[in-house]
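Have a look at query35.pdb; it's PDB, C-alpha atoms, pLDDT in the B column:
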ATOM      1  CA  GLY D  23      96.331  71.965 108.241  1.00 61.00           C
ATOM      2  CA  GLU D  24      95.537  75.168 110.018  1.00 72.00           C
ATOM      3  CA  ASP D  25      92.029  76.595 109.679  1.00 87.00           C
ATOM      4  CA  VAL D  26      91.888  80.375 109.978  1.00 92.00           C
ATOM      5  CA  GLU D  27      88.550  82.156 109.995  1.00 94.00           C
ATOM      6  CA  GLN D  28      87.687  85.830 109.764  1.00 95.00           C
ATOM      7  CA  SER D  29      84.516  87.813 109.350  1.00 91.00           C
ATOM      8  CA  LEU D  30      84.290  89.022 105.761  1.00 92.00           C
ATOM      9  CA  PHE D  31      83.218  92.651 106.045  1.00 96.00           C
ATOM     10  CA  LEU D  32      83.511  95.583 108.437  1.00 97.00           C
ATOM     11  CA  SER D  33      82.180  99.097 107.909  1.00 97.00           C
ATOM     12  CA  VAL D  34      83.420 101.828 110.219  1.00 97.00           C
ATOM     13  CA  ARG D  35      83.056 105.570 110.455  1.00 97.00           C
ATOM     14  CA  GLU D  36      86.162 107.692 110.007  1.00 97.00           C
ATOM     15  CA  GLY D  37      87.700 108.463 113.384  1.00 97.00           C
ATOM     16  CA  ASP D  38      86.161 105.441 115.113  1.00 97.00           C
ATOM     17  CA  SER D  39      88.041 102.307 116.121  1.00 97.00           C
ATOM     18  CA  SER D  40      87.983  99.176 113.965  1.00 97.00           C
ATOM     19  CA  VAL D  41      88.235  95.709 115.431  1.00 97.00           C
ATOM     20  CA  ILE D  42      88.987  92.772 113.140  1.00 98.00           C
ATOM     21  CA  ASN D  43      88.686  89.282 114.575  1.00 97.00           C
ATOM     22  CA  CYS D  44      90.338  86.004 113.668  1.00 96.00           C
ATOM     23  CA  THR D  45      90.096  82.470 115.035  1.00 95.00           C
ATOM     24  CA  TYR D  46      92.487  79.614 114.360  1.00 92.00           C
ATOM     25  CA  THR D  47      92.728  75.944 115.194  1.00 89.00           C
ATOM     26  CA  ASP D  48      96.398  75.131 115.907  1.00 78.00           C
ATOM     27  CA  SER D  49      97.378  76.249 119.397  1.00 68.00           C
ATOM     28  CA  SER D  50     101.111  75.678 118.937  1.00 73.00           C
ATOM     29  CA  SER D  51     101.710  78.536 116.492  1.00 72.00           C
ATOM     30  CA  THR D  52     104.633  80.690 117.583  1.00 80.00           C
ATOM     31  CA  TYR D  53     103.973  83.922 115.708  1.00 85.00           C
ATOM     32  CA  LEU D  54     100.669  85.270 114.420  1.00 90.00           C
ATOM     33  CA  TYR D  55     100.512  87.930 111.733  1.00 92.00           C
ATOM     34  CA  TRP D  56      98.308  90.637 110.309  1.00 96.00           C
ATOM     35  CA  TYR D  57      98.689  91.669 106.680  1.00 96.00           C
ATOM     36  CA  LYS D  58      96.994  94.494 104.762  1.00 96.00           C
ATOM     37  CA  GLN D  59      96.126  94.351 101.069  1.00 94.00           C
ATOM     38  CA  GLU D  60      95.041  97.417  99.154  1.00 92.00           C
ATOM     39  CA  PRO D  61      93.123  97.006  95.870  1.00 86.00           C
ATOM     40  CA  GLY D  62      95.208  95.394  93.148  1.00 80.00           C
ATOM     41  CA  ALA D  63      98.310  95.234  95.326  1.00 84.00           C
ATOM     42  CA  GLY D  64     100.340  92.647  97.182  1.00 87.00           C
ATOM     43  CA  LEU D  65     100.220  92.035 100.912  1.00 92.00           C
ATOM     44  CA  GLN D  66     101.891  94.385 103.355  1.00 92.00           C
ATOM     45  CA  LEU D  67     103.040  93.046 106.720  1.00 91.00           C
ATOM     46  CA  LEU D  68     101.316  95.223 109.319  1.00 94.00           C
ATOM     47  CA  THR D  69     102.285  93.688 112.607  1.00 94.00           C
ATOM     48  CA  TYR D  70     102.752  90.389 114.403  1.00 92.00           C
ATOM     49  CA  ILE D  71     102.571  89.013 117.902  1.00 93.00           C
ATOM     50  CA  PHE D  72     104.582  86.296 119.581  1.00 90.00           C
ATOM     51  CA  SER D  73     102.499  83.541 121.133  1.00 87.00           C
ATOM     52  CA  ASN D  74     103.694  84.223 124.681  1.00 90.00           C
ATOM     53  CA  MET D  75     102.256  87.744 124.568  1.00 91.00           C
ATOM     54  CA  ASP D  76      98.687  88.823 125.254  1.00 94.00           C
ATOM     55  CA  MET D  77      98.909  92.222 123.670  1.00 96.00           C
ATOM     56  CA  LYS D  78     101.125  94.253 121.398  1.00 96.00           C
ATOM     57  CA  GLN D  79     100.695  97.927 120.589  1.00 96.00           C
ATOM     58  CA  ASP D  80     102.252  99.629 117.595  1.00 93.00           C
ATOM     59  CA  GLN D  81     101.119 103.231 117.107  1.00 95.00           C
ATOM     60  CA  ARG D  82      97.428 103.029 116.077  1.00 97.00           C
ATOM     61  CA  LEU D  83      97.470  99.234 115.962  1.00 97.00           C
ATOM     62  CA  THR D  84      96.770  96.960 118.919  1.00 97.00           C
ATOM     63  CA  VAL D  85      96.939  93.189 118.619  1.00 97.00           C
ATOM     64  CA  LEU D  86      95.224  91.055 121.232  1.00 97.00           C
ATOM     65  CA  LEU D  87      95.834  87.334 121.554  1.00 96.00           C
ATOM     66  CA  ASN D  88      93.698  84.921 123.559  1.00 94.00           C
ATOM     67  CA  LYS D  89      95.507  81.607 123.273  1.00 91.00           C
ATOM     68  CA  LYS D  90      92.950  79.732 125.327  1.00 91.00           C
ATOM     69  CA  ASP D  91      90.181  80.636 122.902  1.00 93.00           C
ATOM     70  CA  LYS D  92      92.543  80.680 119.867  1.00 92.00           C
ATOM     71  CA  HIS D  93      91.359  84.172 119.071  1.00 95.00           C
ATOM     72  CA  LEU D  94      93.365  87.000 117.579  1.00 95.00           C
ATOM     73  CA  SER D  95      92.168  90.546 117.018  1.00 97.00           C
ATOM     74  CA  LEU D  96      93.496  93.702 115.422  1.00 98.00           C
ATOM     75  CA  ARG D  97      92.282  97.068 116.639  1.00 98.00           C
ATOM     76  CA  ILE D  98      92.886 100.164 114.545  1.00 97.00           C
ATOM     77  CA  ALA D  99      92.421 103.386 116.500  1.00 98.00           C
ATOM     78  CA  ASP D 100      91.211 106.579 114.821  1.00 97.00           C
ATOM     79  CA  THR D 101      90.437 104.773 111.562  1.00 97.00           C
ATOM     80  CA  GLN D 102      91.263 106.803 108.450  1.00 97.00           C
ATOM     81  CA  THR D 103      90.155 106.502 104.816  1.00 95.00           C
ATOM     82  CA  GLY D 104      93.603 105.132 103.994  1.00 94.00           C
ATOM     83  CA  ASP D 105      92.846 102.184 106.251  1.00 96.00           C
ATOM     84  CA  SER D 106      90.245 100.920 103.763  1.00 96.00           C
ATOM     85  CA  ALA D 107      91.664  97.598 102.603  1.00 97.00           C
ATOM     86  CA  ILE D 108      91.468  93.854 103.110  1.00 96.00           C
ATOM     87  CA  TYR D 109      93.091  92.602 106.312  1.00 98.00           C
ATOM     88  CA  PHE D 110      94.404  89.056 106.551  1.00 97.00           C
ATOM     89  CA  CYS D 111      95.171  87.066 109.628  1.00 95.00           C
ATOM     90  CA  ALA D 112      98.032  84.602 108.969  1.00 92.00           C
ATOM     91  CA  VAL D 113      99.113  81.758 111.205  1.00 89.00           C
ATOM     92  CA  PRO D 114     101.897  79.202 110.743  1.00 83.00           C
ATOM     93  CA  PRO D 115     100.566  75.846 112.002  1.00 74.00           C
ATOM     94  CA  GLY D 116     102.767  74.484 114.767  1.00 68.00           C
ATOM     95  CA  ASN D 117     106.407  74.205 113.783  1.00 61.00           C
ATOM     96  CA  ASP D 118     105.618  74.473 110.101  1.00 66.00           C
ATOM     97  CA  TYR D 119     107.041  77.350 108.115  1.00 69.00           C
ATOM     98  CA  LYS D 120     103.959  77.813 105.953  1.00 76.00           C
ATOM     99  CA  LEU D 121     101.487  80.598 106.547  1.00 86.00           C
ATOM    100  CA  SER D 122      97.798  79.747 106.555  1.00 89.00           C
ATOM    101  CA  PHE D 123      95.731  82.791 105.681  1.00 93.00           C
ATOM    102  CA  GLY D 124      92.172  83.623 106.520  1.00 94.00           C
ATOM    103  CA  ALA D 125      89.851  84.737 103.712  1.00 94.00           C
ATOM    104  CA  GLY D 126      90.372  88.367 104.689  1.00 96.00           C
ATOM    105  CA  THR D 127      88.177  91.069 106.217  1.00 97.00           C
ATOM    106  CA  THR D 128      87.252  93.931 103.908  1.00 97.00           C
ATOM    107  CA  VAL D 129      87.270  97.157 105.913  1.00 97.00           C
ATOM    108  CA  THR D 130      85.363 100.088 104.464  1.00 97.00           C
ATOM    109  CA  VAL D 131      85.820 103.492 106.091  1.00 97.00           C
ATOM    110  CA  ARG D 132      82.932 105.886 105.564  1.00 94.00           C
ATOM    111  CA  ALA D 133      83.044 109.628 106.107  1.00 89.00           C
TER     112      ALA D 133
ATOM    113  CA  GLU X   9     113.445 100.304 101.022  1.00 68.00           C
ATOM    114  CA  ALA X  10     114.050  96.903  99.416  1.00 82.00           C
ATOM    115  CA  GLU X  11     111.058  95.330  97.712  1.00 92.00           C
ATOM    116  CA  VAL X  12     110.059  92.119  96.011  1.00 96.00           C
ATOM    117  CA  ALA X  13     109.715  92.718  92.275  1.00 96.00           C
ATOM    118  CA  GLN X  14     107.300  90.852  90.019  1.00 97.00           C
ATOM    119  CA  SER X  15     106.506  91.017  86.332  1.00 97.00           C
ATOM    120  CA  PRO X  16     104.313  91.318  84.453  1.00 97.00           C
ATOM    121  CA  ARG X  17     101.752  93.046  86.660  1.00 95.00           C
ATOM    122  CA  TYR X  18      98.893  91.928  84.419  1.00 96.00           C
ATOM    123  CA  LYS X  19      98.612  89.079  81.937  1.00 97.00           C
ATOM    124  CA  ILE X  20      95.731  88.038  79.733  1.00 98.00           C
ATOM    125  CA  THR X  21      96.081  84.743  77.926  1.00 97.00           C
ATOM    126  CA  GLU X  22      93.874  82.291  76.124  1.00 97.00           C
ATOM    127  CA  LYS X  23      93.281  78.856  77.573  1.00 96.00           C
ATOM    128  CA  SER X  24      95.756  76.207  76.430  1.00 97.00           C
ATOM    129  CA  GLN X  25      98.502  78.828  76.034  1.00 97.00           C
ATOM    130  CA  ALA X  26     101.672  78.953  78.102  1.00 98.00           C
ATOM    131  CA  VAL X  27     102.325  81.770  80.548  1.00 98.00           C
ATOM    132  CA  ALA X  28     105.267  82.658  82.787  1.00 98.00           C
ATOM    133  CA  PHE X  29     105.719  84.946  85.765  1.00 98.00           C
ATOM    134  CA  TRP X  30     108.953  86.312  87.166  1.00 98.00           C
ATOM    135  CA  CYS X  31     109.944  87.253  90.697  1.00 98.00           C
ATOM    136  CA  ASP X  32     113.038  88.934  92.130  1.00 97.00           C
ATOM    137  CA  PRO X  33     113.122  88.658  95.937  1.00 97.00           C
ATOM    138  CA  ILE X  34     114.665  91.072  98.386  1.00 95.00           C
ATOM    139  CA  SER X  35     118.436  90.817  98.202  1.00 94.00           C
ATOM    140  CA  GLY X  36     119.792  88.342 100.711  1.00 92.00           C
ATOM    141  CA  HIS X  37     116.500  86.536 101.233  1.00 93.00           C
ATOM    142  CA  ALA X  38     117.141  82.811 100.966  1.00 93.00           C
ATOM    143  CA  THR X  39     113.512  81.706 101.027  1.00 93.00           C
ATOM    144  CA  LEU X  40     111.117  82.429  98.183  1.00 95.00           C
ATOM    145  CA  TYR X  41     107.429  81.616  98.015  1.00 95.00           C
ATOM    146  CA  TRP X  42     104.856  81.557  95.238  1.00 97.00           C
ATOM    147  CA  TYR X  43     101.219  81.967  96.286  1.00 96.00           C
ATOM    148  CA  ARG X  44      97.976  81.907  94.336  1.00 97.00           C
ATOM    149  CA  GLN X  45      95.178  84.159  95.507  1.00 94.00           C
ATOM    150  CA  ILE X  46      91.740  83.546  94.060  1.00 94.00           C
ATOM    151  CA  LEU X  47      89.405  86.525  94.247  1.00 90.00           C
ATOM    152  CA  GLY X  48      87.753  86.733  97.646  1.00 88.00           C
ATOM    153  CA  GLN X  49      90.173  84.312  99.297  1.00 91.00           C
ATOM    154  CA  GLY X  50      93.441  84.426 101.147  1.00 93.00           C
ATOM    155  CA  PRO X  51      96.719  83.444  99.468  1.00 94.00           C
ATOM    156  CA  GLU X  52      97.463  79.726  99.145  1.00 94.00           C
ATOM    157  CA  LEU X  53     101.059  78.506  99.004  1.00 93.00           C
ATOM    158  CA  LEU X  54     101.996  76.844  95.709  1.00 96.00           C
ATOM    159  CA  VAL X  55     105.736  76.329  96.140  1.00 96.00           C
ATOM    160  CA  GLN X  56     108.541  77.281  98.475  1.00 94.00           C
ATOM    161  CA  PHE X  57     112.256  77.468  97.701  1.00 95.00           C
ATOM    162  CA  GLN X  58     115.167  77.479 100.086  1.00 93.00           C
ATOM    163  CA  ASP X  59     117.969  78.896  97.949  1.00 94.00           C
ATOM    164  CA  GLU X  60     117.666  76.924  94.696  1.00 94.00           C
ATOM    165  CA  SER X  61     115.944  73.879  96.203  1.00 94.00           C
ATOM    166  CA  VAL X  62     112.225  73.211  96.377  1.00 94.00           C
ATOM    167  CA  VAL X  63     111.236  72.475  99.969  1.00 91.00           C
ATOM    168  CA  ASP X  64     107.475  72.326  99.492  1.00 91.00           C
ATOM    169  CA  ASP X  65     105.458  71.965  96.311  1.00 94.00           C
ATOM    170  CA  SER X  66     102.672  69.850  97.739  1.00 91.00           C
ATOM    171  CA  GLN X  67      99.961  72.230  96.502  1.00 91.00           C
ATOM    172  CA  LEU X  68     101.475  72.841  93.072  1.00 95.00           C
ATOM    173  CA  PRO X  69      99.458  71.226  90.225  1.00 94.00           C
ATOM    174  CA  LYS X  70     102.499  69.583  88.726  1.00 93.00           C
ATOM    175  CA  ASP X  71     100.784  68.429  85.550  1.00 96.00           C
ATOM    176  CA  ARG X  72     100.661  72.032  84.351  1.00 97.00           C
ATOM    177  CA  PHE X  73     102.648  74.201  86.756  1.00 97.00           C
ATOM    178  CA  SER X  74     106.407  74.370  87.129  1.00 97.00           C
ATOM    179  CA  ALA X  75     108.704  76.610  89.130  1.00 97.00           C
ATOM    180  CA  GLU X  76     112.420  77.136  89.181  1.00 97.00           C
ATOM    181  CA  ARG X  77     114.993  79.210  90.993  1.00 96.00           C
ATOM    182  CA  LEU X  78     118.142  78.150  89.193  1.00 87.00           C
ATOM    183  CA  LYS X  79     120.732  80.380  90.859  1.00 90.00           C
ATOM    184  CA  GLY X  80     118.923  80.765  94.133  1.00 88.00           C
ATOM    185  CA  VAL X  81     117.987  84.369  93.435  1.00 94.00           C
ATOM    186  CA  ASP X  82     115.127  85.169  91.045  1.00 96.00           C
ATOM    187  CA  SER X  83     112.417  82.687  90.182  1.00 98.00           C
ATOM    188  CA  THR X  84     110.004  81.824  87.379  1.00 98.00           C
ATOM    189  CA  LEU X  85     106.580  80.216  87.683  1.00 98.00           C
ATOM    190  CA  LYS X  86     105.143  78.698  84.515  1.00 98.00           C
ATOM    191  CA  ILE X  87     101.729  77.399  83.574  1.00 98.00           C
ATOM    192  CA  GLN X  88     101.301  75.237  80.486  1.00 97.00           C
ATOM    193  CA  PRO X  89      98.600  74.878  79.337  1.00 97.00           C
ATOM    194  CA  ALA X  90      96.605  77.572  81.110  1.00 97.00           C
ATOM    195  CA  GLU X  91      93.025  76.778  82.091  1.00 97.00           C
ATOM    196  CA  LEU X  92      90.127  79.094  82.883  1.00 97.00           C
ATOM    197  CA  GLY X  93      90.366  78.157  86.578  1.00 96.00           C
ATOM    198  CA  ASP X  94      93.922  79.495  86.737  1.00 97.00           C
ATOM    199  CA  SER X  95      92.641  83.078  86.648  1.00 97.00           C
ATOM    200  CA  ALA X  96      93.933  84.552  89.912  1.00 97.00           C
ATOM    201  CA  MET X  97      96.553  86.798  91.450  1.00 95.00           C
ATOM    202  CA  TYR X  98      99.973  85.156  91.669  1.00 97.00           C
ATOM    203  CA  LEU X  99     101.999  86.528  94.536  1.00 96.00           C
ATOM    204  CA  CYS X 100     105.680  86.109  95.235  1.00 97.00           C
ATOM    205  CA  ALA X 101     107.102  86.577  98.717  1.00 95.00           C
ATOM    206  CA  SER X 102     110.508  86.254 100.297  1.00 94.00           C
ATOM    207  CA  SER X 103     111.969  85.917 103.761  1.00 91.00           C
ATOM    208  CA  LEU X 104     115.445  85.756 105.244  1.00 88.00           C
ATOM    209  CA  GLY X 105     115.122  82.054 105.925  1.00 81.00           C
ATOM    210  CA  GLN X 106     112.739  79.221 106.588  1.00 72.00           C
ATOM    211  CA  GLY X 107     112.665  79.719 110.307  1.00 65.00           C
ATOM    212  CA  VAL X 108     112.019  83.447 110.033  1.00 57.00           C
ATOM    213  CA  TYR X 109     108.357  83.901 109.357  1.00 65.00           C
ATOM    214  CA  GLU X 110     108.243  87.514 108.267  1.00 83.00           C
ATOM    215  CA  GLN X 111     107.367  87.232 104.604  1.00 89.00           C
ATOM    216  CA  TYR X 112     107.494  90.245 102.339  1.00 91.00           C
ATOM    217  CA  PHE X 113     105.213  90.230  99.317  1.00 93.00           C
ATOM    218  CA  GLY X 114     105.568  91.611  95.829  1.00 95.00           C
ATOM    219  CA  PRO X 115     102.738  93.459  94.041  1.00 94.00           C
ATOM    220  CA  GLY X 116     101.551  90.291  92.306  1.00 95.00           C
ATOM    221  CA  THR X 117     100.670  89.298  88.741  1.00 96.00           C
ATOM    222  CA  ARG X 118      96.978  89.354  87.882  1.00 95.00           C
ATOM    223  CA  LEU X 119      96.323  86.513  85.414  1.00 97.00           C
ATOM    224  CA  THR X 120      93.149  86.352  83.352  1.00 97.00           C
ATOM    225  CA  VAL X 121      92.588  83.260  81.226  1.00 98.00           C
ATOM    226  CA  THR X 122      89.967  83.642  78.485  1.00 97.00           C
TER     227      THR X 122
END

What would the structure in this file look like if it were written as C-alpha cells?
Amino acid sequence: GEDVEQSLFLSVREGDSSVINCTYTDSSSTYLYWYKQEPGAGLQLLTYIFSNMDMKQDQRLTVLLNKKDKHLSLRIADTQTGDSAIYFCAVPPGNDYKLSFGAGTTVTVRA
Amino acid sequence: EAEVAQSPRYKITEKSQAVAFWCDPISGHATLYWYRQILGQGPELLVQFQDESVVDDSQLPKDRFSAERLKGVDSTLKIQPAELGDSAMYLCASSLGQGVYEQYFGPGTRLTVT
C-alpha cells in the first residue's frame, strides 16, 4: 500500500507562514489531497492538486508538488488562530480509489 | 450546504457489549466509506460501499464488525462484541462515485470502550 509520512508538530506565530510537508511512496497517484481536522470534528477537504501540476494556489493556501521527490507541501500564508488544527495529507495509491492518510501534522498558532 | 450526518456523536460502552453507528451521506453520493481513526493517527478505511454493495472490506475485522447499506443511502456500522482496542473515532465519508476522489466527511462518532 501507499506510505504517507508527515512531520507531527508545527508551531507558528500568528501572521507568519506555515509550511506542512508530506512524502509518499506511490508515484502514480493522480490527485493528492490536504484535509483539516479541528478538535473533536471530522475532516474538512481543504484543497487538492492534480499530479500533472507543480503548484496550485487557493487564497491563502499554496500546494506544491514535486513528483520526482514524491514530496507534497501545503503553505498557509498569514496564519491565523483559526488555522490551529491537524492537517492530513491523503494520497490514493495508483489507480486505487482508497485514500491513504498520513498521521497528521498538528499546527499550533501562537500569538 | 449538504453535509454527511452521523449519530451518535459520542458513545461509551462496556467491553463485550454491542454498539452501532449510523451515517447519512450527502444526497446523491453513491459511494460511502467508514473509517476508523485511532488517536494520533490518520483515518484507516474499514469498508467502502458503492450503492448498496460492498466493494472493499479488506480491513474490516469481520469476526466482530459488520456494515450494511441496505437501500444504498444511509449505512450502519456495528461492533459486537466491543473490545477495549476499539476505542477510536469512527468517521463516515461519501463521494459522488468511486472514480471521484473528493470525499466529504461527517463529524464522526467518538467511541470509548470501558

Atom pair CA of Gln67 in chain X / CA of Lys120 in chain D: separation (Å): 11.7 Å

Interatomic distance (Å, one decimal) between CA of Leu30 in chain D and CA of Tyr55 in chain D: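 Value for the CA of Leu30 in chain D-CA of Tyr55 in chain D distance: 17.3 Å.
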
Running the ChimeraX specification (/X :<8) & /D on this model by hand, what would come out? Give it as an mmCIF file with C-alpha atoms, in the frame of the given file.
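Dumped to part-v2.cif:
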data_model
loop_
_atom_site.group_PDB
_atom_site.id
_atom_site.type_symbol
_atom_site.label_atom_id
_atom_site.label_comp_id
_atom_site.auth_asym_id
_atom_site.auth_seq_id
_atom_site.Cartn_x
_atom_site.Cartn_y
_atom_site.Cartn_z
ATOM 1 C CA TYR D 53 103.973 83.922 115.708
ATOM 2 C CA GLY D 62 95.208 95.394 93.148
ATOM 3 C CA ALA D 63 98.310 95.234 95.326
ATOM 4 C CA GLY D 64 100.340 92.647 97.182
ATOM 5 C CA LEU D 65 100.220 92.035 100.912
ATOM 6 C CA GLN D 66 101.891 94.385 103.355
ATOM 7 C CA LEU D 67 103.040 93.046 106.720
ATOM 8 C CA PHE D 110 94.404 89.056 106.551
ATOM 9 C CA TYR D 119 107.041 77.350 108.115
ATOM 10 C CA LYS D 120 103.959 77.813 105.953
ATOM 11 C CA LEU D 121 101.487 80.598 106.547
ATOM 12 C CA SER D 122 97.798 79.747 106.555
ATOM 13 C CA PHE D 123 95.731 82.791 105.681
ATOM 14 C CA GLY D 124 92.172 83.623 106.520
ATOM 15 C CA ALA D 125 89.851 84.737 103.712
ATOM 16 C CA GLY D 126 90.372 88.367 104.689
#

X:Glu76, X:Asp32, X:Asp94, X:Glu22 ranked by distance to Phe57 in chain X, top pick (using all atoms listed in the file): X:Glu76

Close residues, range 89-97 of chain D itself excluded, 6 Å, all atoms listed in the file, min 4 positions apart in chain, as a CSV table (one decimal) with C-alpha atoms, keeping the file's coordinate frame:
chain,number,residue,atom,x,y,z
D,40,SER,CA,88.0,99.2,114.0
D,41,VAL,CA,88.2,95.7,115.4
D,42,ILE,CA,89.0,92.8,113.1
D,43,ASN,CA,88.7,89.3,114.6
D,44,CYS,CA,90.3,86.0,113.7
D,45,THR,CA,90.1,82.5,115.0
D,46,TYR,CA,92.5,79.6,114.4
D,83,LEU,CA,97.5,99.2,116.0
D,84,THR,CA,96.8,97.0,118.9
D,85,VAL,CA,96.9,93.2,118.6

Spatial neighbours of Asp48 in chain D, max dist 10 Å, only C-alpha atoms, sep filter under 4 positions, as number ranges by chain: D: 23-26, 89, 92, 113-116

Please write the residues from the selection above to a file, keeping C-alpha atoms, as an mmCIF file, keeping the file's coordinate frame.
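That gives us part_13.cif:
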data_model
loop_
_atom_site.group_PDB
_atom_site.id
_atom_site.type_symbol
_atom_site.label_atom_id
_atom_site.label_comp_id
_atom_site.auth_asym_id
_atom_site.auth_seq_id
_atom_site.Cartn_x
_atom_site.Cartn_y
_atom_site.Cartn_z
ATOM 1 C CA GLY D 23 96.331 71.965 108.241
ATOM 2 C CA GLU D 24 95.537 75.168 110.018
ATOM 3 C CA ASP D 25 92.029 76.595 109.679
ATOM 4 C CA VAL D 26 91.888 80.375 109.978
ATOM 5 C CA LYS D 89 95.507 81.607 123.273
ATOM 6 C CA LYS D 92 92.543 80.680 119.867
ATOM 7 C CA VAL D 113 99.113 81.758 111.205
ATOM 8 C CA PRO D 114 101.897 79.202 110.743
ATOM 9 C CA PRO D 115 100.566 75.846 112.002
ATOM 10 C CA GLY D 116 102.767 74.484 114.767
#

Residue neighbourhood Leu54 in chain D, 9 Å, only C-alpha atoms, exclusion window fewer than 2 positions, as a PyMOL selection string: chain D and resi 51-52+56+69-73+87+94+111-114

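With CA of Ala26 in chain X on one side and CA of Lys70 in chain X on the other, the separation reads 14.2 Å.
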
Selection dump of the PyMOL selection byres ((chain X and resi 83-92) around 10), as a ChimeraX atom specification: /X:14-15,21-33,40-42,54-55,57,60,69-82,93-96,98,100,119-122

Residue with smallest distance to Ser106 in chain D - pool D:Asn74, D:Ser33, D:Gln79, D:Asn88, counting only C-alpha atoms: D:Ser33

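Considering all atoms listed in the file, the residue among D:Met75, D:Ala107, D:Ala99, D:Leu68 positioned nearest to Glu36 in chain D is D:Ala99.
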
Residue among D:Asp105, D:Asp76, D:Glu27, D:Asp100 lying closest to Thr47 in chain D, counting only C-alpha atoms: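 Of all the options, D:Glu27 lies closest to Thr47 in chain D.
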